[in-house]
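Source file: upload10.txt. Holds: compact mmCIF, C-alpha atoms and all ligand atoms.
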# COMPACT_ATOMS: atom_id res chain seq x y z
CA MET A 18 -9.95 -114.16 95.94
CA MET A 19 -7.88 -112.92 92.98
CA THR A 20 -9.75 -113.53 89.76
CA ILE A 21 -7.53 -114.29 86.76
CA THR A 22 -8.83 -112.81 83.50
CA ALA A 23 -7.64 -113.92 80.07
CA LYS A 24 -8.56 -112.82 76.58
CA ILE A 25 -9.09 -115.84 74.40
CA ASN A 26 -9.50 -116.28 70.67
CA LYS A 27 -13.14 -117.15 70.03
CA LYS A 28 -12.57 -119.22 66.89
CA ASN A 29 -9.18 -120.71 67.77
CA PRO A 30 -8.83 -120.78 71.55
CA GLU A 31 -5.20 -120.73 72.70
CA PRO A 32 -4.35 -124.19 74.15
CA GLU A 33 -2.28 -122.71 77.04
CA ILE A 34 -5.22 -120.67 78.25
CA ILE A 35 -7.63 -123.59 77.90
CA SER A 36 -5.21 -125.80 79.87
CA GLN A 37 -4.96 -123.27 82.67
CA ALA A 38 -8.76 -122.98 82.88
CA ALA A 39 -9.24 -126.76 82.69
CA GLU A 40 -6.80 -127.25 85.60
CA ILE A 41 -8.95 -124.95 87.71
CA ILE A 42 -12.09 -126.94 86.82
CA LYS A 43 -10.34 -130.26 87.57
CA ASN A 44 -9.23 -128.90 90.95
CA GLY A 45 -12.80 -127.98 91.91
CA GLY A 46 -12.61 -124.25 91.08
CA LEU A 47 -14.87 -121.93 89.08
CA VAL A 48 -14.25 -120.56 85.58
CA ALA A 49 -16.58 -118.22 83.70
CA PHE A 50 -16.54 -118.85 79.96
CA PRO A 51 -18.40 -117.72 76.84
CA THR A 52 -21.08 -119.85 75.19
CA GLU A 53 -23.13 -118.82 72.15
CA THR A 54 -26.09 -117.83 74.38
CA VAL A 55 -24.68 -116.09 77.47
CA TYR A 56 -21.54 -116.48 79.59
CA GLY A 57 -21.58 -119.52 81.88
CA LEU A 58 -20.13 -119.96 85.37
CA GLY A 59 -18.56 -123.39 85.18
CA ALA A 60 -17.52 -126.08 87.64
CA ASP A 61 -16.95 -129.85 87.47
CA ALA A 62 -20.54 -131.11 87.36
CA LEU A 63 -19.57 -134.38 89.08
CA ASN A 64 -17.91 -132.72 92.07
CA PRO A 65 -20.51 -131.68 94.69
CA GLN A 66 -18.08 -129.33 96.52
CA ALA A 67 -17.29 -127.52 93.28
CA VAL A 68 -20.97 -127.24 92.41
CA LYS A 69 -21.69 -125.83 95.87
CA LYS A 70 -19.29 -122.98 95.07
CA ILE A 71 -21.39 -122.02 92.03
CA TYR A 72 -24.44 -121.47 94.22
CA GLU A 73 -22.37 -119.45 96.70
CA ALA A 74 -20.73 -117.26 94.05
CA LYS A 75 -24.08 -116.45 92.43
CA GLY A 76 -26.18 -116.27 95.58
CA ARG A 77 -28.47 -118.78 93.91
CA PRO A 78 -31.10 -120.92 95.69
CA SER A 79 -29.68 -124.45 95.83
CA ASP A 80 -32.92 -126.12 94.68
CA ASN A 81 -32.52 -124.51 91.25
CA PRO A 82 -30.77 -127.19 89.15
CA LEU A 83 -27.87 -126.57 86.76
CA ILE A 84 -27.33 -127.44 83.11
CA LEU A 85 -24.53 -129.95 82.43
CA HIS A 86 -22.50 -128.89 79.39
CA VAL A 87 -20.91 -131.61 77.27
CA ALA A 88 -18.50 -131.61 74.32
CA ASN A 89 -19.67 -134.82 72.64
CA ILE A 90 -22.69 -137.10 72.50
CA ASN A 91 -20.91 -140.10 74.08
CA GLN A 92 -20.62 -138.13 77.31
CA VAL A 93 -24.41 -137.84 77.45
CA HIS A 94 -24.92 -141.61 77.75
CA GLU A 95 -22.87 -141.68 80.95
CA LEU A 96 -25.02 -138.99 82.54
CA VAL A 97 -28.67 -139.62 81.61
CA GLU A 98 -31.03 -142.21 80.11
CA VAL A 99 -30.95 -141.33 76.43
CA ASN A 100 -34.22 -142.01 74.57
CA GLU A 101 -34.99 -141.88 70.87
CA THR A 102 -36.19 -138.27 70.98
CA ALA A 103 -32.88 -137.27 72.54
CA GLU A 104 -30.94 -139.18 69.87
CA ILE A 105 -32.81 -137.39 67.11
CA LEU A 106 -32.42 -133.91 68.56
CA MET A 107 -28.77 -134.29 69.55
CA LYS A 108 -27.76 -135.68 66.14
CA LYS A 109 -29.71 -133.14 64.21
CA PHE A 110 -29.07 -129.94 66.13
CA TRP A 111 -26.22 -130.05 68.66
CA PRO A 112 -24.14 -128.04 69.33
CA ALA A 113 -26.98 -125.57 69.81
CA PRO A 114 -28.88 -123.41 72.31
CA LEU A 115 -31.10 -126.40 73.04
CA THR A 116 -31.10 -128.01 76.50
CA LEU A 117 -32.64 -131.44 77.04
CA VAL A 118 -34.03 -132.62 80.37
CA LEU A 119 -33.77 -136.40 80.75
CA LYS A 120 -33.79 -139.01 83.52
CA ALA A 121 -30.54 -138.65 85.46
CA LYS A 122 -28.12 -141.46 86.21
CA ASN A 123 -26.69 -141.70 89.72
CA ILE A 124 -23.29 -140.41 88.62
CA ILE A 125 -24.72 -136.85 88.66
CA PRO A 126 -24.61 -135.55 92.24
CA LEU A 127 -27.93 -134.36 93.67
CA GLN A 128 -26.37 -130.91 94.21
CA THR A 129 -25.97 -130.47 90.45
CA ARG A 130 -29.58 -131.37 89.68
CA GLY A 131 -31.17 -129.60 92.65
CA GLY A 132 -32.30 -132.90 94.17
CA LEU A 133 -34.37 -133.90 91.10
CA ASP A 134 -34.36 -137.30 89.38
CA THR A 135 -33.81 -135.56 86.04
CA ALA A 136 -30.92 -133.51 84.66
CA ALA A 137 -30.54 -130.85 81.98
CA ILE A 138 -27.85 -131.34 79.31
CA ARG A 139 -26.59 -129.20 76.47
CA MET A 140 -23.72 -128.99 73.99
CA PRO A 141 -22.88 -125.29 73.54
CA ASN A 142 -22.03 -123.99 70.08
CA ASN A 143 -18.88 -122.11 71.02
CA PRO A 144 -15.29 -123.30 70.39
CA VAL A 145 -14.00 -121.89 73.71
CA ALA A 146 -16.70 -123.68 75.69
CA LEU A 147 -16.20 -126.94 73.80
CA ALA A 148 -12.40 -126.82 74.21
CA LEU A 149 -12.73 -126.16 77.95
CA ILE A 150 -15.16 -129.07 78.47
CA GLU A 151 -13.01 -131.38 76.37
CA LYS A 152 -9.78 -130.47 78.17
CA SER A 153 -11.37 -130.75 81.62
CA GLY A 154 -12.50 -134.27 80.77
CA LYS A 155 -15.67 -133.62 82.77
CA PRO A 156 -19.16 -132.34 82.07
CA ILE A 157 -19.24 -128.71 83.18
CA ALA A 158 -22.19 -127.49 85.24
CA ALA A 159 -22.85 -123.87 84.33
CA PRO A 160 -25.61 -121.41 85.08
CA SER A 161 -25.40 -117.94 83.58
CA ALA A 162 -22.40 -116.11 85.08
CA ASN A 163 -24.39 -113.32 86.77
CA LEU A 164 -25.36 -112.70 90.38
CA SER A 165 -28.70 -114.43 90.93
CA GLY A 166 -31.63 -112.37 89.60
CA ARG A 167 -29.49 -110.01 87.47
CA PRO A 168 -29.54 -109.84 83.67
CA SER A 169 -27.43 -112.64 82.22
CA PRO A 170 -23.97 -111.53 81.06
CA THR A 171 -23.48 -111.32 77.32
CA ASP A 172 -19.96 -109.86 77.37
CA PHE A 173 -16.80 -110.00 79.47
CA GLU A 174 -17.42 -106.70 81.28
CA SER A 175 -20.81 -107.88 82.60
CA VAL A 176 -19.25 -111.08 83.96
CA PHE A 177 -16.39 -109.11 85.50
CA ASN A 178 -18.76 -106.66 87.22
CA ASP A 179 -20.74 -109.47 88.87
CA MET A 180 -18.03 -112.07 89.50
CA ASN A 181 -14.67 -110.36 90.06
CA GLY A 182 -13.22 -111.58 93.36
CA ARG A 183 -15.73 -114.43 93.63
CA ILE A 184 -14.31 -116.98 91.18
CA GLU A 185 -10.90 -118.24 90.03
CA MET A 186 -10.93 -117.23 86.36
CA ILE A 187 -12.87 -115.44 83.61
CA LEU A 188 -12.25 -116.20 79.94
CA ASP A 189 -12.91 -113.18 77.73
CA GLY A 190 -14.21 -114.46 74.42
CA GLY A 191 -15.93 -111.21 73.42
CA ALA A 192 -19.65 -110.63 72.95
CA VAL A 193 -21.97 -113.66 72.58
CA GLU A 194 -24.09 -114.23 69.44
CA VAL A 195 -27.51 -115.26 70.74
CA GLY A 196 -27.86 -113.10 73.85
CA ILE A 197 -30.60 -115.01 75.70
CA GLU A 198 -30.30 -118.44 77.29
CA SER A 199 -30.95 -121.80 75.69
CA THR A 200 -34.41 -123.28 75.15
CA VAL A 201 -35.03 -125.95 77.81
CA ILE A 202 -37.35 -128.86 77.00
CA ASP A 203 -38.29 -131.88 79.09
CA ILE A 204 -38.22 -135.01 76.92
CA THR A 205 -38.39 -137.62 79.68
CA ASN A 206 -41.79 -138.58 78.26
CA PRO A 207 -41.52 -138.49 74.44
CA LYS A 208 -45.32 -138.54 74.18
CA LYS A 209 -45.60 -135.34 76.15
CA ILE A 210 -42.75 -132.96 75.54
CA LEU A 211 -42.68 -129.89 77.73
CA MET A 212 -41.35 -126.43 76.96
CA LEU A 213 -39.74 -125.47 80.27
CA ARG A 214 -38.03 -122.28 79.10
CA PRO A 215 -38.28 -120.67 75.67
CA GLY A 216 -34.91 -119.38 74.51
CA GLY A 217 -32.34 -119.32 71.76
CA PHE A 218 -33.70 -122.35 69.87
CA SER A 219 -36.98 -122.04 68.01
CA ARG A 220 -40.11 -123.88 69.11
CA GLU A 221 -41.19 -124.16 65.47
CA ILE A 222 -38.14 -126.15 64.43
CA LEU A 223 -38.65 -128.53 67.35
CA GLU A 224 -42.34 -129.01 66.62
CA ASP A 225 -41.64 -129.62 62.92
CA THR A 226 -38.96 -132.16 63.72
CA LEU A 227 -40.85 -134.03 66.43
CA LYS A 228 -44.29 -133.62 64.80
CA THR A 229 -45.81 -132.66 68.12
CA HIS A 230 -46.89 -129.62 70.07
CA LEU A 231 -44.64 -128.57 72.95
CA GLU A 232 -46.76 -128.10 76.03
CA VAL A 233 -46.15 -125.54 78.71
CA PRO A 234 -46.36 -127.17 82.16
CA ASP A 235 -49.05 -125.63 84.36
CA THR A 236 -47.87 -123.44 87.21
CA GLN A 237 -48.68 -126.00 89.92
CA SER A 238 -46.74 -128.76 88.21
CA LYS A 239 -43.54 -130.08 89.74
CA LYS A 240 -42.37 -130.56 86.17
CA ARG A 241 -41.86 -126.84 85.68
CA SER A 242 -38.34 -125.62 85.41
CA PRO A 243 -37.53 -124.69 89.01
CA GLY A 244 -35.61 -121.65 87.82
CA THR A 245 -38.74 -120.03 86.46
CA ARG A 246 -40.01 -119.49 90.02
CA TYR A 247 -37.39 -116.93 90.87
CA ARG A 248 -36.94 -113.23 90.12
CA HIS A 249 -34.97 -113.07 86.94
CA TYR A 250 -33.08 -111.08 84.37
CA ALA A 251 -33.85 -107.73 85.98
CA PRO A 252 -31.67 -104.65 86.25
CA ASN A 253 -31.78 -102.58 89.46
CA ILE A 254 -34.15 -100.07 87.88
CA PRO A 255 -37.78 -100.74 86.85
CA VAL A 256 -38.53 -102.09 83.39
CA PHE A 257 -41.80 -101.13 81.66
CA VAL A 258 -43.21 -102.73 78.53
CA TRP A 259 -44.64 -100.73 75.65
CA LYS A 260 -46.87 -102.54 73.14
CA ARG A 261 -47.32 -100.78 69.83
CA GLY A 262 -50.80 -99.33 69.59
CA GLU A 263 -50.94 -98.70 73.32
CA LYS A 264 -50.27 -95.36 74.96
CA PHE A 265 -46.55 -94.74 75.26
CA PRO A 266 -45.52 -94.58 78.94
CA GLU A 267 -44.08 -91.23 80.01
CA PHE A 268 -41.57 -91.10 82.83
CA ASN A 269 -38.87 -88.69 83.81
CA ASN A 270 -35.34 -89.73 82.95
CA SER A 271 -36.25 -92.95 81.17
CA ALA A 272 -34.30 -94.86 78.52
CA TYR A 273 -35.81 -96.87 75.66
CA VAL A 274 -34.90 -100.10 73.90
CA GLY A 275 -36.71 -101.65 70.94
CA ILE A 276 -36.98 -101.92 67.17
CA ASN A 277 -39.38 -99.08 66.41
CA GLU A 278 -38.84 -95.42 67.27
CA PRO A 279 -40.37 -94.45 70.62
CA GLU A 280 -43.45 -92.27 70.26
CA ILE A 281 -42.20 -89.48 72.46
CA LYS A 282 -38.85 -87.74 72.77
CA ILE A 283 -36.66 -89.81 75.03
CA LYS A 284 -33.19 -88.96 76.32
CA GLU A 285 -31.50 -92.18 75.38
CA LYS A 286 -32.60 -95.01 73.16
CA ILE A 287 -31.17 -98.13 71.58
CA LEU A 288 -32.85 -99.19 68.33
CA PHE A 289 -32.18 -102.63 66.87
CA SER A 290 -32.77 -103.45 63.23
CA ASN A 291 -34.35 -106.88 63.86
CA ILE A 292 -35.48 -109.37 66.52
CA LYS A 293 -32.21 -111.29 66.47
CA ASP A 294 -30.17 -108.18 67.27
CA PHE A 295 -32.75 -107.18 69.87
CA ALA A 296 -32.25 -110.50 71.69
CA GLN A 297 -28.48 -110.25 71.34
CA GLY A 298 -28.38 -106.76 72.85
CA LEU A 299 -31.20 -106.72 75.42
CA PHE A 300 -29.29 -107.66 78.57
CA ALA A 301 -26.33 -105.42 77.73
CA ALA A 302 -28.78 -102.54 77.21
CA PHE A 303 -30.31 -103.20 80.66
CA ARG A 304 -26.87 -103.07 82.25
CA LYS A 305 -25.83 -99.95 80.33
CA PHE A 306 -28.92 -97.94 81.29
CA GLU A 307 -28.61 -99.05 84.89
CA ARG A 308 -24.95 -97.88 84.97
CA GLU A 309 -25.96 -94.56 83.45
CA ASN A 310 -28.44 -93.95 86.27
CA PHE A 311 -31.65 -93.74 84.30
CA SER A 312 -34.67 -94.05 86.54
CA CYS A 313 -36.39 -96.69 84.41
CA ILE A 314 -36.25 -98.57 81.10
CA ILE A 315 -39.07 -98.78 78.57
CA VAL A 316 -38.87 -101.88 76.38
CA GLU A 317 -40.84 -102.42 73.21
CA TRP A 318 -42.83 -105.66 73.23
CA PRO A 319 -41.54 -107.70 70.27
CA GLU A 320 -44.30 -109.10 68.09
CA GLY A 321 -43.91 -111.81 65.50
CA ASN A 322 -43.03 -115.47 65.31
CA GLU A 323 -39.43 -115.33 64.26
CA ASP A 324 -37.09 -117.91 65.78
CA ILE A 325 -36.21 -116.12 68.93
CA SER A 326 -39.26 -113.94 69.63
CA GLU A 327 -40.88 -116.30 72.16
CA GLY A 328 -37.69 -116.41 74.22
CA LEU A 329 -37.19 -112.68 73.96
CA ARG A 330 -40.76 -111.97 75.09
CA ASP A 331 -40.25 -114.31 78.05
CA ARG A 332 -37.13 -112.42 79.20
CA ILE A 333 -38.77 -109.01 78.80
CA PHE A 334 -41.89 -110.17 80.65
CA ARG A 335 -39.83 -111.51 83.57
CA ALA A 336 -37.61 -108.44 83.76
CA SER A 337 -40.67 -106.19 83.84
CA ARG A 338 -42.70 -107.85 86.55
CA ASN A 339 -40.39 -107.48 89.54
O1 LIG B 1 -27.95 -120.81 77.62
C1 LIG B 1 -27.97 -121.34 78.72
O2 LIG B 1 -28.74 -122.26 79.00
C2 LIG B 1 -26.96 -120.82 79.77
C3 LIG B 1 -25.56 -121.13 79.26
C4 LIG B 1 -24.48 -120.80 80.28
O3 LIG B 1 -25.47 -122.47 78.86
N1 LIG B 1 -27.20 -121.43 81.05
C5 LIG B 1 -28.28 -121.12 81.81
O4 LIG B 1 -28.31 -121.75 83.03
O5 LIG B 1 -29.13 -120.33 81.46
P1 LIG B 1 -29.27 -121.32 84.20
O6 LIG B 1 -28.83 -122.10 85.38
O7 LIG B 1 -29.28 -119.86 84.35
O8 LIG B 1 -30.67 -121.87 83.76
C6 LIG B 1 -30.93 -123.26 83.72
C7 LIG B 1 -32.41 -123.51 83.62
C8 LIG B 1 -33.11 -123.12 84.90
O9 LIG B 1 -34.36 -122.54 84.59
C9 LIG B 1 -33.28 -124.46 85.60
O10 LIG B 1 -34.35 -124.46 86.50
C10 LIG B 1 -33.52 -125.39 84.43
O11 LIG B 1 -32.64 -124.92 83.43
N2 LIG B 1 -33.19 -126.79 84.74
C11 LIG B 1 -31.98 -127.33 84.99
N3 LIG B 1 -32.09 -128.65 85.29
C12 LIG B 1 -33.40 -128.95 85.24
C13 LIG B 1 -34.16 -130.13 85.46
N4 LIG B 1 -33.60 -131.29 85.80
N5 LIG B 1 -35.51 -130.06 85.31
C14 LIG B 1 -36.10 -128.91 84.96
N6 LIG B 1 -35.44 -127.76 84.74
C15 LIG B 1 -34.11 -127.76 84.87
MG MG B 2 -29.62 -117.72 84.72
Represent the supplied structure as C-alpha cells.
Amino acid sequence: MMTITAKINKKNPEPEIISQAAEIIKNGGLVAFPTETVYGLGADALNPQAVKKIYEAKGRPSDNPLILHVANINQVHELVEVNETAEILMKKFWPAPLTLVLKAKNIIPLQTRGGLDTAAIRMPNNPVALALIEKSGKPIAAPSANLSGRPSPTDFESVFNDMNGRIEMILDGGAVEVGIESTVIDITNPKKILMLRPGGFSREILEDTLKTHLEVPDTQSKKRSPGTRYRHYAPNIPVFVWKRGEKFPEFNNSAYVGINEPEIKIKEKILFSNIKDFAQGLFAAFRKFERENFSCIIVEWPEGNEDISEGLRDRIFRASRN
C-alpha cells in the first residue's frame, strides 16, 4: 500500500488536508494523526471492518480495546452512559490527556471495545486531531500509531518508520507536547474510581476534584485495563533502570537518559531539565539509541510527585521489564 504523507499546520490545520484525511476515515481506511500525547492510528470507531484494520496494521491482540476519540461532548452521549462524574470531568478538563471508561451503548461495535461492555472515550487537546474527528463526522478509534509493543510515536518519523506501507495516510503535525499516553480511569462506578493507566493527566488533580482516592485494580481483576497485560513501550535493546543512591550499572556501549548526570562516563547521554521534558522525550530517546546501535539504555528513575511522574515511572518500568 502507498502511504500518503502530508505536513499539516498544528495550530491551523489546512482544510484541504483535513478533508482528504476525513474521506479516508469515512471510507473505512486508516490515518495516523498527532494528538497532544502521542500519535494515534485512527479509523471510524463505528465501522468494525475499519477497526479490524487497526489491529492488523499494528499487530495488536484483538482483545485489547481501543479509545474512541471525540470532538465534542454531545458525541459522548451517543456512545456511552454518561454519569455525573463523567459530566464533571468532561466539562472541567476536556480536551485533555484524560480517558474515561464508561458503560458502552450498543452503537459501539464489540471489535472497538475488545468485547467488553465498557468503552474508553477521550477528547484530545490537539487542533489537527479535533478537526479530523469533526470533519469525519464519526468518533475515531485510535491506539498509539506504533507496531504493537514498540515505544509510542511522538513525532512523524517514528510513525513513518513503523507504519509506512501499512496505512493510507500519515499527518505530520510535528512533535507532540506530552509524550506519554493519556491517563485512563474507570468511572463506571462513581463510588469506586479505578486508575487503569497513569499517564499525561495528574492523579492529584483528579483526586482533588472528585474528593476520592483512585484505586489501582488488583492484578486478577477483570476490571484492569486489558492493555496493561502486554509487553509495552520497549525498544529492541534492553532498558535498565538506575535509581539515584544505587550503584550505577556499567555496561559496554550503553546510552543514558535522565535528568541528573550519570555517575560514570557514558558514550551518549540525553539530559532533560525537568520531568515534563523527560516524559516528552523518553520514547524518542529510546528510538534514537536503538537506531544508533547501542547495546542497552540506562534510564534514571524519576522521583517526585509532579503531574506526570507517575505516568513516566509506569512507562519506564514497563519498558525495562521485558
Ligand atoms: O494518549 C492516548 O491515550 C493515545 C492517543 C492516541 O490518544 N492512545 C492510546 O491508545 O494510548 P492505546 O490503544 O495504546 O491504549 C489504550 C488503553 C489500553 O491500555 C486499553 O487496554 C485501555 O486503554 N482501554 C481501552 N478501552 C478500555 C475499556 N473499555 N476498559 C478498560 N481499559 C480500556
Ligand atoms: Mg499503545
_So that I can check the surroundings of region 198-206 of chain A, please list as a PyMOL selection string every protein, DNA and RNA residue that reaches within 10 Å of it, counting all atoms listed in the file and ignoring chain neighbours fewer than 5 positions away._
chain A and resi 52-57+84+98-103+113-121+135-139+141+160-161+169+171+211-220+223+231-234+240-242+296+325+327-329+332
_Between A:Lys24, A:His249, A:Lys69, A:Lys209, which residue has the minimum interatomic distance to ligand LIG 1 (chain B), considering only C-alpha atoms and all ligand atoms?_
A:His249
*Nearest to Gly154 (chain A) among A:Lys305, A:Lys109, A:His86, A:Lys293, with distances taken over only C-alpha atoms: which residue is it?*
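Nearest candidate to Gly154 (chain A) out of A:Lys305, A:Lys109, A:His86, A:Lys293: A:His86.
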*Please measure the separation of CA of Phe268 (chain A) and CA of Arg304 (chain A), giving the value in Å to one decimal.*
19.0 Å
*Which of these, A:Pro112, A:Pro279, A:Pro30, A:Pro207, has the shortest distance to ligand LIG 1 (chain B) once you count only C-alpha atoms and all ligand atoms?*
A:Pro112
*Which residue gives the smallest distance to ligand MG 2 (chain B) among A:Asn270, A:Asn163, A:Asn143, A:Asn291, with only C-alpha atoms and all ligand atoms counted?*
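Checking each candidate against ligand MG 2 (chain B), we get A:Asn163 as the closest.
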Nearby residues (only C-alpha atoms) at most 6 Å from Ser165 (chain A), same-chain spacing under 2 positions excluded, as a compact mmCIF listing (two decimals) with C-alpha atoms, keeping the file's coordinate frame:
# COMPACT_ATOMS: atom_id res chain seq x y z
CA LYS A 75 -24.08 -116.45 92.43
CA GLY A 76 -26.18 -116.27 95.58
CA ARG A 77 -28.47 -118.78 93.91
CA ARG A 167 -29.49 -110.01 87.47
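Among the candidates A:Phe110, A:Tyr250, A:Phe50, A:Phe265, the one nearest to ligand MG 2 (chain B) when counting only C-alpha atoms and all ligand atoms is A:Tyr250.
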_Here is a test: counting only C-alpha atoms, which residue of A:Ile254, A:Ile283, A:Ile34, A:Leu147 is nearest to Phe306 (chain A)?_
A:Ile254
*Between CA of Phe311 (chain A) and CA of Asp172 (chain A), measure the distance and give it in Å to one decimal.*
21.1 Å
*Computed interatomic separation between CA of Glu323 (chain A) and CA of Val176 (chain A) (Å)*: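 Between these atoms lies a distance of 28.5 Å.
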_Protein and nucleic acid residues near (-19.3, -126.9, 85.9) (cut-off 12 Å, all atoms listed in the file) as a ChimeraX atom specification_ = /A:38-39,41-50,57-72,82-87,125-126,128-130,138,146,149-150,153-162
*Polymer residues at most 6 Å from (-37.1, -97.7, 80.0) by all atoms listed in the file, as a PyMOL selection string*: chain A and resi 256+271-273+313-316
If the box runs along x, y and z of the file and leaves 3 Å on each side of ligand LIG 1 (chain B), what are its centre and edge lengths in Å, one decimal, as lines of an AutoDock Vina configuration file?
center_x = -30.3
center_y = -125.6
center_z = 82.1
size_x = 17.6
size_y = 17.4
size_z = 14.9
